[in-house]
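One file, structure.cif, is given below (mmCIF, C-alpha atoms).
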data_work
#
loop_
_atom_site.label_atom_id
_atom_site.label_comp_id
_atom_site.auth_asym_id
_atom_site.auth_seq_id
_atom_site.Cartn_x
_atom_site.Cartn_y
_atom_site.Cartn_z
CA MET O 211 -20.72 -43.75 19.98
CA ALA O 212 -19.65 -45.87 22.92
CA GLU O 213 -22.09 -46.54 25.72
CA TYR O 214 -21.13 -45.12 29.11
CA LEU O 215 -22.68 -46.30 32.34
CA ARG O 216 -21.74 -45.06 35.78
CA ALA O 217 -22.61 -47.70 38.36
CA ARG O 218 -24.03 -46.46 41.67
CA THR O 219 -23.90 -49.80 43.46
CA VAL O 220 -22.02 -53.09 43.10
CA ASP O 221 -25.33 -54.80 42.27
CA GLU O 222 -25.99 -52.30 39.51
CA ALA O 223 -22.50 -52.96 38.11
CA LEU O 224 -23.07 -56.72 38.20
CA GLU O 225 -26.45 -56.37 36.49
CA ALA O 226 -24.82 -54.36 33.70
CA LEU O 227 -22.02 -56.91 33.32
CA ALA O 228 -24.55 -59.73 33.12
CA ARG O 229 -26.13 -57.89 30.21
CA LYS O 230 -23.05 -57.23 28.08
CA PRO O 231 -19.25 -57.33 28.32
CA PHE O 232 -18.44 -53.75 29.30
CA ARG O 233 -14.89 -52.54 29.66
CA ILE O 234 -14.58 -51.80 33.37
CA LEU O 235 -13.16 -48.38 34.24
CA ALA O 236 -11.78 -47.72 37.74
CA GLY O 237 -8.70 -45.47 37.81
CA GLY O 238 -8.49 -45.58 34.02
CA THR O 239 -4.70 -45.34 33.93
CA ASP O 240 -4.37 -48.40 31.70
CA VAL O 241 -7.63 -47.90 29.78
CA TYR O 242 -6.77 -44.57 28.13
CA PRO O 243 -3.17 -45.25 27.03
CA ALA O 244 -4.39 -48.50 25.43
CA ALA O 245 -6.69 -46.42 23.21
CA VAL O 246 -4.02 -43.96 22.06
CA GLY O 247 -4.41 -42.91 18.47
CA GLY O 248 -8.16 -43.27 18.60
CA PRO O 249 -11.22 -42.78 20.74
CA ILE O 250 -12.39 -45.36 23.25
CA ARG O 251 -14.91 -47.51 21.39
CA ASP O 252 -15.75 -50.17 23.95
CA PRO O 253 -18.84 -49.69 26.07
CA ILE O 254 -17.59 -48.38 29.42
CA LEU O 255 -18.81 -49.37 32.86
CA ASP O 256 -17.46 -46.69 35.20
CA ILE O 257 -17.14 -48.13 38.72
CA SER O 258 -15.05 -45.25 40.09
CA GLY O 259 -18.00 -43.99 42.12
CA LEU O 260 -18.41 -47.19 44.15
CA SER O 261 -16.85 -45.73 47.29
CA ALA O 262 -17.82 -48.82 49.33
CA LEU O 263 -15.07 -50.68 47.47
CA ARG O 264 -12.35 -48.22 48.52
CA GLY O 265 -10.05 -48.69 51.48
CA ILE O 266 -7.95 -51.21 53.40
CA THR O 267 -9.49 -52.94 56.40
CA ARG O 268 -8.49 -55.74 58.74
CA GLU O 269 -11.27 -58.28 58.77
CA ALA O 270 -12.28 -60.33 61.80
CA ASP O 271 -11.37 -63.59 60.04
CA GLY O 272 -7.65 -62.78 59.93
CA TYR O 273 -7.58 -61.24 56.46
CA TRP O 274 -6.61 -57.82 55.23
CA ARG O 275 -9.05 -56.58 52.65
CA ILE O 276 -7.94 -54.17 49.93
CA GLY O 277 -11.14 -52.94 48.30
CA ALA O 278 -11.09 -52.92 44.51
CA LEU O 279 -11.08 -49.12 44.27
CA THR O 280 -8.16 -48.61 46.68
CA THR O 281 -5.58 -46.45 44.92
CA TRP O 282 -1.80 -46.62 45.18
CA THR O 283 -1.86 -43.34 47.11
CA ASP O 284 -4.34 -44.93 49.55
CA VAL O 285 -1.83 -47.78 50.09
CA LEU O 286 1.00 -45.30 50.70
CA ARG O 287 -1.02 -43.36 53.29
CA ALA O 288 -2.52 -46.36 55.09
CA ASP O 289 -1.27 -47.38 58.51
CA LEU O 290 -0.09 -50.93 57.81
CA PRO O 291 2.32 -53.40 59.48
CA PRO O 292 5.94 -53.57 58.22
CA TRP O 293 5.32 -56.61 56.06
CA PHE O 294 3.26 -54.31 53.80
CA ASP O 295 6.36 -52.15 53.20
CA GLY O 296 7.15 -54.03 49.97
CA LEU O 297 3.68 -53.18 48.66
CA LYS O 298 4.22 -49.55 49.63
CA LEU O 299 7.57 -49.48 47.81
CA ALA O 300 5.82 -50.88 44.73
CA ALA O 301 3.08 -48.25 45.08
CA ARG O 302 5.72 -45.55 44.67
CA GLU O 303 6.93 -47.15 41.43
CA VAL O 304 3.54 -47.19 39.69
CA GLY O 305 3.81 -44.17 37.36
CA GLY O 306 4.06 -40.71 38.90
CA VAL O 307 1.95 -39.06 41.59
CA GLN O 308 -1.08 -38.39 39.37
CA ILE O 309 -1.16 -42.03 38.27
CA GLN O 310 -0.77 -43.27 41.86
CA THR O 311 -3.70 -41.06 42.86
CA ALA O 312 -5.96 -42.50 40.17
CA GLY O 313 -4.71 -46.03 39.56
CA THR O 314 -6.07 -48.87 41.68
CA VAL O 315 -4.34 -51.95 43.10
CA ALA O 316 -7.06 -54.24 41.73
CA GLY O 317 -6.81 -52.58 38.31
CA ASN O 318 -3.09 -53.34 38.23
CA VAL O 319 -3.95 -56.99 38.89
CA CYS O 320 -6.78 -57.14 36.30
CA ASN O 321 -4.66 -55.46 33.63
CA ALA O 322 -2.36 -58.49 34.05
CA SER O 323 0.80 -56.99 32.59
CA PRO O 324 3.86 -59.24 33.05
CA ALA O 325 5.57 -56.04 34.27
CA ALA O 326 2.88 -55.05 36.81
CA ASP O 327 4.81 -53.76 39.83
CA GLY O 328 1.91 -54.32 42.23
CA VAL O 329 1.44 -58.00 41.46
CA VAL O 330 4.86 -59.08 42.76
CA PRO O 331 4.52 -57.98 46.41
CA LEU O 332 0.88 -59.12 46.45
CA MET O 333 1.96 -62.59 45.33
CA ALA O 334 4.68 -62.71 47.97
CA MET O 335 1.98 -61.85 50.54
CA ASP O 336 -0.20 -64.79 49.40
CA ALA O 337 -2.91 -62.45 48.13
CA ALA O 338 -6.16 -63.83 46.76
CA VAL O 339 -8.68 -62.15 44.48
CA GLU O 340 -12.33 -61.77 45.44
CA VAL O 341 -14.44 -62.00 42.28
CA SER O 342 -18.17 -61.24 42.36
CA GLY O 343 -20.69 -62.32 39.79
CA ALA O 344 -24.38 -62.98 39.33
CA ASP O 345 -23.99 -66.35 41.09
CA GLY O 346 -22.17 -64.98 44.13
CA THR O 347 -18.57 -64.46 45.14
CA ARG O 348 -15.52 -66.64 44.60
CA VAL O 349 -11.98 -66.27 45.94
CA GLU O 350 -9.00 -67.37 43.89
CA PRO O 351 -5.26 -67.22 44.67
CA LEU O 352 -3.62 -64.37 42.77
CA ASP O 353 -1.15 -66.65 40.97
CA ALA O 354 -4.06 -68.72 39.62
CA PHE O 355 -6.20 -65.66 38.80
CA ILE O 356 -3.63 -64.27 36.34
CA THR O 357 -3.21 -66.87 33.60
CA GLY O 358 -1.04 -65.00 31.08
CA PRO O 359 -0.14 -61.59 29.68
CA ARG O 360 -3.39 -59.55 29.81
CA ARG O 361 -5.34 -62.69 30.73
CA THR O 362 -7.18 -63.54 33.94
CA THR O 363 -9.90 -65.98 34.95
CA ARG O 364 -12.36 -63.10 35.35
CA GLN O 365 -15.40 -63.85 33.21
CA PRO O 366 -17.21 -61.06 31.29
CA GLY O 367 -20.04 -61.07 33.85
CA GLU O 368 -17.71 -60.77 36.84
CA LEU O 369 -16.24 -57.89 38.81
CA VAL O 370 -13.18 -58.01 41.07
CA THR O 371 -14.38 -56.54 44.37
CA ALA O 372 -11.32 -56.94 46.62
CA LEU O 373 -7.88 -58.40 47.20
CA LEU O 374 -7.56 -60.51 50.34
CA ILE O 375 -4.28 -60.94 52.18
CA PRO O 376 -3.94 -63.45 55.04
CA ASP O 377 -2.35 -62.14 58.24
CA ALA O 378 0.44 -64.55 59.22
CA GLY O 379 -0.10 -63.68 62.87
CA ALA O 380 3.64 -63.24 63.36
CA PRO O 381 6.03 -60.29 63.13
CA GLY O 382 7.08 -59.73 59.55
CA VAL O 383 9.18 -57.60 57.21
CA SER O 384 9.20 -57.13 53.47
CA ASP O 385 11.12 -55.52 50.65
CA PHE O 386 10.50 -54.70 47.00
CA LEU O 387 13.24 -53.95 44.48
CA LYS O 388 12.73 -52.85 40.93
CA LEU O 389 15.30 -52.58 38.17
CA GLY O 390 14.56 -50.27 35.25
CA ALA O 391 16.66 -48.46 32.69
CA ARG O 392 16.34 -45.33 34.86
CA HIS O 393 14.97 -44.56 38.30
CA TYR O 394 11.64 -42.92 37.56
CA LEU O 395 8.60 -43.63 35.41
CA VAL O 396 9.87 -46.76 33.76
CA ILE O 397 8.66 -50.24 32.90
CA SER O 398 10.51 -52.88 34.89
CA ILE O 399 13.30 -55.09 33.56
CA ALA O 400 12.91 -57.21 36.67
CA MET O 401 11.40 -56.76 40.10
CA VAL O 402 11.45 -58.82 43.27
CA ALA O 403 9.42 -58.91 46.46
CA VAL O 404 10.33 -60.75 49.65
CA VAL O 405 8.05 -61.12 52.69
CA LEU O 406 9.36 -62.91 55.80
CA HIS O 407 7.62 -63.63 59.10
CA ARG O 408 9.44 -64.94 62.17
CA ALA O 409 8.15 -66.76 65.23
CA PRO O 410 7.04 -64.26 67.90
CA GLU O 411 9.54 -65.52 70.50
CA SER O 412 12.50 -66.55 68.34
CA ARG O 413 14.37 -65.78 65.14
CA ARG O 414 13.01 -68.83 63.34
CA ILE O 415 11.34 -67.90 60.04
CA VAL O 416 7.82 -69.33 59.92
CA ARG O 417 6.61 -67.96 56.59
CA ALA O 418 8.44 -66.81 53.47
CA GLY O 419 7.14 -65.34 50.24
CA VAL O 420 9.47 -64.60 47.31
CA ALA O 421 8.09 -63.46 43.95
CA VAL O 422 9.77 -62.24 40.76
CA GLY O 423 8.14 -60.17 37.99
CA SER O 424 8.97 -59.29 34.37
CA CYS O 425 10.91 -62.56 34.03
CA SER O 426 8.00 -64.79 32.92
CA PRO O 427 4.56 -64.28 31.30
CA VAL O 428 3.07 -64.05 34.79
CA ALA O 429 5.04 -63.11 37.93
CA ARG O 430 6.22 -66.26 39.69
CA ARG O 431 6.71 -67.39 43.28
CA LEU O 432 10.07 -69.04 43.96
CA ARG O 433 8.55 -71.80 46.07
CA GLY O 434 11.74 -73.85 46.35
CA LEU O 435 13.54 -70.89 47.89
CA GLU O 436 10.56 -70.17 50.14
CA ALA O 437 10.72 -73.75 51.45
CA VAL O 438 14.41 -73.37 52.30
CA LEU O 439 13.81 -70.02 53.98
CA CYS O 440 11.09 -71.44 56.21
CA GLU O 441 12.65 -72.81 59.38
CA ALA O 442 15.88 -70.89 58.70
CA ASP O 443 17.35 -68.68 61.42
CA ALA O 444 16.63 -65.04 60.60
CA GLY O 445 20.11 -64.14 61.84
CA ALA O 446 21.86 -66.38 59.31
CA PRO O 447 23.00 -65.05 55.91
CA LEU O 448 19.68 -65.73 54.17
CA GLU O 449 20.92 -64.39 50.85
CA ASP O 450 23.32 -67.35 50.60
CA LEU O 451 20.36 -69.75 50.69
CA ALA O 452 19.30 -68.68 47.18
CA GLN O 453 20.56 -71.35 44.76
CA GLU O 454 20.50 -71.56 40.99
CA ASN O 455 17.74 -74.17 40.88
CA HIS O 456 15.41 -71.92 42.88
CA PHE O 457 15.14 -69.65 39.83
CA ALA O 458 13.96 -72.46 37.52
CA PRO O 459 10.33 -71.16 37.46
CA LEU O 460 11.54 -68.06 35.58
CA SER O 461 11.50 -67.96 31.78
CA PRO O 462 12.75 -64.49 30.83
CA ILE O 463 12.74 -63.29 27.23
CA ASP O 464 14.88 -60.93 25.16
CA ASP O 465 13.02 -57.70 24.40
CA VAL O 466 13.57 -53.98 23.93
CA ARG O 467 14.29 -53.49 27.63
CA ALA O 468 16.80 -56.28 28.32
CA THR O 469 18.09 -59.67 27.29
CA ALA O 470 16.92 -62.87 28.93
CA GLY O 471 20.38 -63.46 30.40
CA TYR O 472 20.51 -59.99 31.91
CA ARG O 473 17.05 -60.45 33.43
CA ARG O 474 18.07 -63.79 34.96
CA GLU O 475 21.18 -62.23 36.50
CA ALA O 476 19.18 -59.20 37.69
CA ALA O 477 16.57 -61.43 39.35
CA ARG O 478 19.29 -63.34 41.25
CA THR O 479 20.95 -60.14 42.41
CA LEU O 480 17.68 -58.46 43.44
CA VAL O 481 16.56 -61.54 45.40
CA ARG O 482 19.88 -61.62 47.29
CA ARG O 483 19.66 -57.91 48.08
CA ALA O 484 16.03 -58.12 49.22
CA LEU O 485 16.83 -61.13 51.45
CA SER O 486 19.74 -59.26 52.94
CA THR O 487 17.56 -56.20 53.68
CA CYS O 488 14.83 -58.38 55.24
CA ARG O 489 17.36 -60.27 57.36
CA GLU O 490 18.72 -57.01 58.78
CA ALA O 491 15.21 -55.76 59.47
CA LEU O 492 14.21 -58.99 61.24
CA ALA O 493 17.35 -59.25 63.39
CA MET D 220 -23.96 -41.47 23.15
CA ALA D 221 -24.15 -37.78 24.13
CA LEU D 222 -24.10 -36.77 27.78
CA THR D 223 -24.86 -33.46 29.43
CA LEU D 224 -22.47 -32.70 32.26
CA ASN D 225 -22.42 -30.06 34.93
CA MET D 226 -19.13 -29.03 36.45
CA THR D 227 -17.59 -26.06 38.18
CA VAL D 228 -14.56 -24.96 36.19
CA ASN D 229 -12.33 -22.23 37.62
CA GLY D 230 -15.15 -21.10 39.88
CA LYS D 231 -17.83 -20.93 37.19
CA ALA D 232 -20.72 -23.37 36.73
CA ARG D 233 -20.43 -24.88 33.25
CA LYS D 234 -22.80 -27.17 31.39
CA VAL D 235 -21.42 -29.11 28.43
CA THR D 236 -22.87 -31.73 26.13
CA VAL D 237 -20.18 -34.16 25.05
CA GLU D 238 -19.78 -37.65 23.64
CA SER D 239 -19.51 -40.36 26.29
CA ASN D 240 -15.94 -41.19 25.27
CA ALA D 241 -14.65 -37.58 25.29
CA LEU D 242 -11.56 -37.11 27.41
CA LEU D 243 -11.57 -34.38 30.06
CA SER D 244 -8.51 -32.80 28.39
CA ASP D 245 -10.39 -32.44 25.09
CA VAL D 246 -13.52 -31.03 26.72
CA LEU D 247 -11.47 -28.44 28.60
CA ARG D 248 -9.59 -27.41 25.47
CA VAL D 249 -12.21 -27.75 22.74
CA ASN D 250 -15.59 -27.25 24.41
CA LEU D 251 -14.51 -24.75 27.05
CA GLY D 252 -11.63 -23.10 25.19
CA LEU D 253 -9.22 -23.57 28.09
CA THR D 254 -6.16 -24.26 25.97
CA GLY D 255 -3.73 -23.64 28.81
CA THR D 256 -4.13 -27.34 29.58
CA HIS D 257 -1.66 -28.92 27.16
CA VAL D 258 -1.76 -32.42 25.72
CA GLY D 259 1.77 -33.65 25.20
CA CYS D 260 1.68 -37.41 24.91
CA ASP D 261 -1.89 -38.72 25.16
CA THR D 262 -0.50 -41.76 26.98
CA SER D 263 -0.58 -40.56 30.60
CA GLN D 264 3.16 -40.03 30.80
CA CYS D 265 4.11 -36.39 30.29
CA GLY D 266 1.83 -34.61 32.76
CA ALA D 267 1.34 -31.46 30.66
CA CYS D 268 -2.44 -31.97 30.94
CA THR D 269 -2.45 -31.96 34.77
CA VAL D 270 -5.47 -30.22 36.30
CA HIS D 271 -7.12 -30.38 39.72
CA VAL D 272 -10.35 -32.37 40.05
CA ASP D 273 -11.92 -31.79 43.45
CA GLY D 274 -8.56 -30.46 44.61
CA VAL D 275 -6.43 -33.41 43.54
CA SER D 276 -4.03 -33.34 40.59
CA VAL D 277 -4.98 -35.69 37.77
CA LYS D 278 -3.85 -36.15 34.19
CA SER D 279 -6.87 -34.90 32.27
CA CYS D 280 -6.02 -37.12 29.28
CA THR D 281 -6.52 -40.04 31.68
CA MET D 282 -10.08 -39.28 32.64
CA LEU D 283 -13.36 -39.24 30.78
CA ALA D 284 -15.19 -35.94 30.99
CA ALA D 285 -18.20 -38.01 32.06
CA GLN D 286 -16.31 -38.98 35.22
CA ALA D 287 -16.00 -35.31 36.12
CA ASP D 288 -19.77 -34.75 36.14
CA GLY D 289 -20.50 -32.75 39.28
CA ALA D 290 -16.82 -32.13 40.01
CA THR D 291 -14.96 -28.92 40.75
CA ILE D 292 -12.08 -28.41 38.33
CA THR D 293 -9.22 -25.95 38.38
CA THR D 294 -7.03 -25.43 35.35
CA ILE D 295 -3.97 -23.21 34.94
CA GLU D 296 -6.32 -20.39 33.87
CA GLY D 297 -8.00 -20.55 37.28
CA LEU D 298 -4.91 -19.99 39.43
CA ALA D 299 -4.30 -16.26 39.05
CA ALA D 300 -6.49 -13.74 40.91
CA PRO D 301 -9.32 -12.08 38.91
CA ASP D 302 -7.23 -8.90 38.68
CA GLY D 303 -4.43 -10.83 37.00
CA THR D 304 -2.15 -11.11 40.03
CA LEU D 305 -0.22 -14.33 39.58
CA HIS D 306 -0.63 -17.23 41.99
CA PRO D 307 2.52 -17.51 44.17
CA MET D 308 3.55 -20.66 42.29
CA GLN D 309 3.18 -18.94 38.94
CA ALA D 310 5.13 -15.93 40.25
CA ALA D 311 7.89 -18.26 41.45
CA PHE D 312 8.14 -19.92 38.02
CA LYS D 313 8.45 -16.44 36.49
CA GLU D 314 11.03 -15.31 39.04
CA HIS D 315 13.24 -18.41 38.62
CA HIS D 316 12.57 -18.80 34.91
CA GLY D 317 11.24 -22.30 35.59
CA LEU D 318 10.62 -22.92 31.92
CA GLN D 319 12.28 -22.99 28.57
CA CYS D 320 9.78 -23.67 25.78
CA GLY D 321 6.94 -23.50 28.30
CA PHE D 322 4.94 -26.44 26.99
CA CYS D 323 5.15 -28.47 30.21
CA THR D 324 4.71 -25.42 32.47
CA PRO D 325 0.93 -25.54 33.06
CA GLY D 326 1.17 -29.14 34.20
CA MET D 327 4.27 -28.44 36.29
CA VAL D 328 2.55 -25.54 38.06
CA MET D 329 -0.65 -27.50 38.70
CA SER D 330 1.34 -30.44 40.10
CA ALA D 331 3.41 -28.12 42.27
CA VAL D 332 0.29 -26.49 43.73
CA ASP D 333 -1.00 -29.95 44.65
CA LEU D 334 2.35 -30.67 46.33
CA ALA D 335 1.69 -27.68 48.59
CA ARG D 336 -1.48 -29.43 49.76
CA CYS D 337 0.31 -32.71 50.51
CA GLU D 338 3.85 -31.64 51.51
CA PRO D 339 3.98 -27.87 52.07
CA ASN D 340 7.58 -28.09 53.31
CA ALA D 341 8.83 -30.52 50.68
CA SER D 342 12.60 -30.95 50.33
CA GLU D 343 14.34 -30.76 46.97
CA GLU D 344 14.33 -34.55 46.82
CA GLN D 345 10.60 -34.69 47.55
CA ILE D 346 9.94 -32.05 44.88
CA ARG D 347 11.89 -34.06 42.31
CA GLU D 348 10.05 -37.24 43.24
CA TRP D 349 6.67 -35.49 43.14
CA LEU D 350 7.36 -34.18 39.65
CA GLU D 351 8.18 -37.67 38.39
CA GLY D 352 4.97 -37.63 36.37
CA ASN D 353 5.72 -34.29 34.71
CA ILE D 354 8.25 -34.37 31.92
CA CYS D 355 10.13 -31.30 30.62
CA ARG D 356 11.50 -32.16 27.21
CA CYS D 357 13.82 -29.15 27.39
CA THR D 358 15.23 -30.81 30.55
CA GLY D 359 14.94 -27.53 32.44
CA TYR D 360 14.47 -29.22 35.76
CA HIS D 361 16.94 -27.24 37.89
CA ASN D 362 15.03 -23.98 37.59
CA ILE D 363 11.70 -25.77 37.88
CA VAL D 364 12.76 -27.29 41.20
CA LYS D 365 14.03 -23.90 42.43
CA ALA D 366 10.74 -22.31 41.40
CA VAL D 367 8.68 -24.95 43.20
CA LYS D 368 10.73 -24.53 46.37
CA THR D 369 10.15 -20.78 46.33
CA GLY D 370 6.49 -21.25 45.39
CA LEU D 371 5.89 -23.57 48.34
CA THR D 372 7.44 -21.03 50.72
CA ASP D 373 5.52 -18.13 49.25
CA MET D 374 2.21 -19.98 49.36
CA GLN D 375 2.68 -20.32 53.14
CA SER D 376 3.58 -16.67 53.61
CA GLY D 377 0.43 -15.60 51.80
CA GLY D 378 1.82 -15.02 48.36
CA LYS D 379 4.61 -12.52 49.02
CA VAL D 380 7.45 -13.27 46.66
CA ALA D 381 10.63 -13.75 48.65
CA ALA D 382 13.41 -11.35 47.80
CA GLU D 383 16.51 -13.31 46.89
#

Write the structure described by the file as structure tokens, please.
Amino acid sequence: MAEYLRARTVDEALEALARKPFRILAGGTDVYPAAVGGPIRDPILDISGLSALRGITREADGYWRIGALTTWTDVLRADLPPWFDGLKLAAREVGGVQIQTAGTVAGNVCNASPAADGVVPLMAMDAAVEVSGADGTRVEPLDAFITGPRRTTRQPGELVTALLIPDAGAPGVSDFLKLGARHYLVISIAMVAVVLHRAPESRRIVRAGVAVGSCSPVARRLRGLEAVLCEADAGAPLEDLAQENHFAPLSPIDDVRATAGYRREAARTLVRRALSTCREALA
Amino acid sequence: MALTLNMTVNGKARKVTVESNALLSDVLRVNLGLTGTHVGCDTSQCGACTVHVDGVSVKSCTMLAAQADGATITTIEGLAAPDGTLHPMQAAFKEHHGLQCGFCTPGMVMSAVDLARCEPNASEEQIREWLEGNICRCTGYHNIVKAVKTGLTDMQSGGKVAAE
């Protein structure tokens, strides 16, 4: 039967991972459904007891640190600035309450589903992934960490220990919109996150993050649109700045949930709506 | 790989020896005979298997029993008083007929009791949102929501069922 090891410290977890490629279990909300129809056969490294990795803190070096065991419920209850609102809206879309209580933000990232709701706002916030291994710790931008559906750059001997989000040092707002076939408990057809920061003393936008999920193998930043948004006046109709060519990074497919054309149209509409909401919030 | 676990289930200390990959839902049902915890989907969607682990509602098909070593667990069998008096939430489900086939009911009740911990004065909208992870395939949601509303009120007034 499968080996089961419950790590008591991060070092103990890393030692185990150096020994053999365990399946890492945190909240477990993606591990168990993947095994449906049969028992879990992979050796399991249970890291859910590593309480040092749980929680959101503001670090002295200008980063927000989301520990790898921080759950979606933890995100919802945390006292965070308004530009985290998009992440909180996504937190409410990850399954139901029981799943939000168990499932972790870092697990959502490591599971690397093209439809991961959490990845989109994190990308728009410029999140990076802190990965620890036997040789130390490395930090990689989230959009480089996820390389494809269910694929990341995490090596078998490595453990994701935190997500790091830079603080723009300016007032900001954010929004997250998800389109599914129904409101609750549904896998996304498309989802969009927008994060905007304005200069402290004016309405000039100094930082923009726009990301779209479920419309490409990995969620994508719309960097062309971000460039246009930067320097724009937050009082102007920002939604009209979104042009067709800005959506070129997307490569939606036809599947059981929607057609590629519908996804493309949905992404455009959701981006416009999110920009409009952020503009009103900034003004 | 067999593991010996100690947990407190419905107030009683229990020791079980299980395989390392046994799900908590299976251990509750098979090893401990607590078949009130239902398994509806096995894919973490339906919520029929909801129990409380250290006071928080979890889907017991989405947890290894090994993870519950040392934990305090309450199942639907642990809600009523030892003399059989129903928990206020159970009484409210009975009063409002918050069930049709009854399969989802244990999970609904366990989720609703956890709602009382987090939002004791939840609105109808909050109740509906909270129960997002509990699916009633009979679609009997109207009476379930009514029952939860009454249950929340009665839990605050010490269990007296409101006369309506």

Practice prompt. Quick one: everything within 12 Å of Asp288 in chain D, counting all atoms listed in the file, minus sequence neighbours fewer than 3 positions away in the same chain. Send it as a ChimeraX atom specification.
Written response: /O:216,259 /D:222-228,232-237,239,243,246,272-273,282-285,291-292

Discussion item. Can you translate the PyMOL selection byres ((chain O) within 12 of (chain D)) into the concrete residues it hits in this file, as JSON, numbers by chain?
Written reply: {"O": [211, 212, 213, 214, 215, 216, 217, 235, 236, 237, 238, 239, 240, 241, 242, 243, 244, 245, 246, 247, 248, 249, 250, 251, 252, 253, 254, 255, 256, 257, 258, 259, 283, 287, 302, 303, 304, 305, 306, 307, 308, 309, 310, 311, 312, 313, 392, 393, 394, 395, 396, 397]}

Worksheet item: Evaluating the PyMOL selection byres ((chain O and resi 345) around 12) on the displayed file yields which residues, as a PyMOL selection string?
Response: chain O and resi 221+224-225+228+341-344+346-348+365+367-369

Set up a box along x, y and z of the file covering all listed atoms of range 385-398 of chain O, add 8 Å on every one of the six sides, and write the centre and edge lengths in Å to one decimal, as AutoDock Vina command-line options.
--center_x 12.6 --center_y -49.2 --center_z 41.7 --size_x 24.1 --size_y 28.6 --size_z 34.0

Worksheet item: What do you get, as number ranges by chain, if you spell out every residue that the PyMOL selection byres ((chain O and resi 349) around 6) selects here?
Response: O: 339-340, 348, 350

Atoms to include: C-alpha atoms. Write the selected residues as a CSV table (one decimal), keeping the file's coordinate frame.
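What follows is the written file part.csv:
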chain,number,residue,atom,x,y,z
O,339,VAL,CA,-8.7,-62.2,44.5
O,340,GLU,CA,-12.3,-61.8,45.4
O,348,ARG,CA,-15.5,-66.6,44.6
O,350,GLU,CA,-9.0,-67.4,43.9

Worksheet, complete the sentence: CA of Leu352 in chain O sits from CA of Ala338 in chain O at a separation of 4.8 Å

Item to complete: For CA of Ser398 in chain O and CA of Pro366 in chain O, determine how far apart the two atoms are, in Å to one decimal place.
Response: 29.1 Å

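Protein, DNA and RNA residues at most 8 Å from (5.6, -30.5, 47.3), with only C-alpha atoms, are these: Ala331, Val332, Asp333, Leu334, Ala335, Arg336, Cys337, Glu338, Pro339, Asn340, Ala341, Ser342, Gln345, Ile346, Trp349, Val367, Lys368 and Leu371 of chain D.
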
Discussion item. Neighbouring residues of Pro291 in chain O were defined as those with any atom within 9 Å, considering all atoms listed in the file; residues of the same chain fewer than 2 positions away were excluded. Please report them as a ChimeraX atom specification.
Written reply: /O:289,293-295,381-383

Residues within 10 Å of Ser261 in chain O, only C-alpha atoms, excluding chain neighbours under 3 positions, as a PDB file with C-alpha atoms, in the frame of the given file:
ATOM      1  CA  ARG O 218     -24.030 -46.460  41.670  1.00  0.00           C
ATOM      2  CA  THR O 219     -23.900 -49.800  43.460  1.00  0.00           C
ATOM      3  CA  VAL O 220     -22.020 -53.090  43.100  1.00  0.00           C
ATOM      4  CA  ILE O 257     -17.140 -48.130  38.720  1.00  0.00           C
ATOM      5  CA  SER O 258     -15.050 -45.250  40.090  1.00  0.00           C
ATOM      6  CA  ARG O 264     -12.350 -48.220  48.520  1.00  0.00           C
ATOM      7  CA  GLY O 265     -10.050 -48.690  51.480  1.00  0.00           C
ATOM      8  CA  GLY O 277     -11.140 -52.940  48.300  1.00  0.00           C
ATOM      9  CA  ALA O 278     -11.090 -52.920  44.510  1.00  0.00           C
ATOM     10  CA  LEU O 279     -11.080 -49.120  44.270  1.00  0.00           C
ATOM     11  CA  THR O 280      -8.160 -48.610  46.680  1.00  0.00           C
TER      12      THR O 280
END

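CA of Arg489 in chain O to CA of Tyr273 in chain O spans 25.0 Å [interatomic distance, one decimal].
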
Item to complete: Just give me the residues with any atom within 10 Å of (14.6, -69.8, 56.5), file coordinates, counting all atoms listed in the file, written as a list of chain:residue names.
Response: O:Leu406, O:His407, O:Arg408, O:Arg413, O:Arg414, O:Ile415, O:Val416, O:Arg417, O:Ala418, O:Leu435, O:Glu436, O:Ala437, O:Val438, O:Leu439, O:Cys440, O:Glu441, O:Ala442, O:Asp443, O:Ala444, O:Gly445, O:Ala446, O:Pro447, O:Leu448, O:Leu451, O:Arg489

Worksheet item: Can you tell me, as an MDAnalysis selection string, what residues are no more than 10 Å from Ile363 in chain D when counting all atoms listed in the file, ignoring any on the same chain fewer than 6 positions away?
Response: chainID D and resid 311:313 315:319 324 327:328 331 346:347 350 355 369
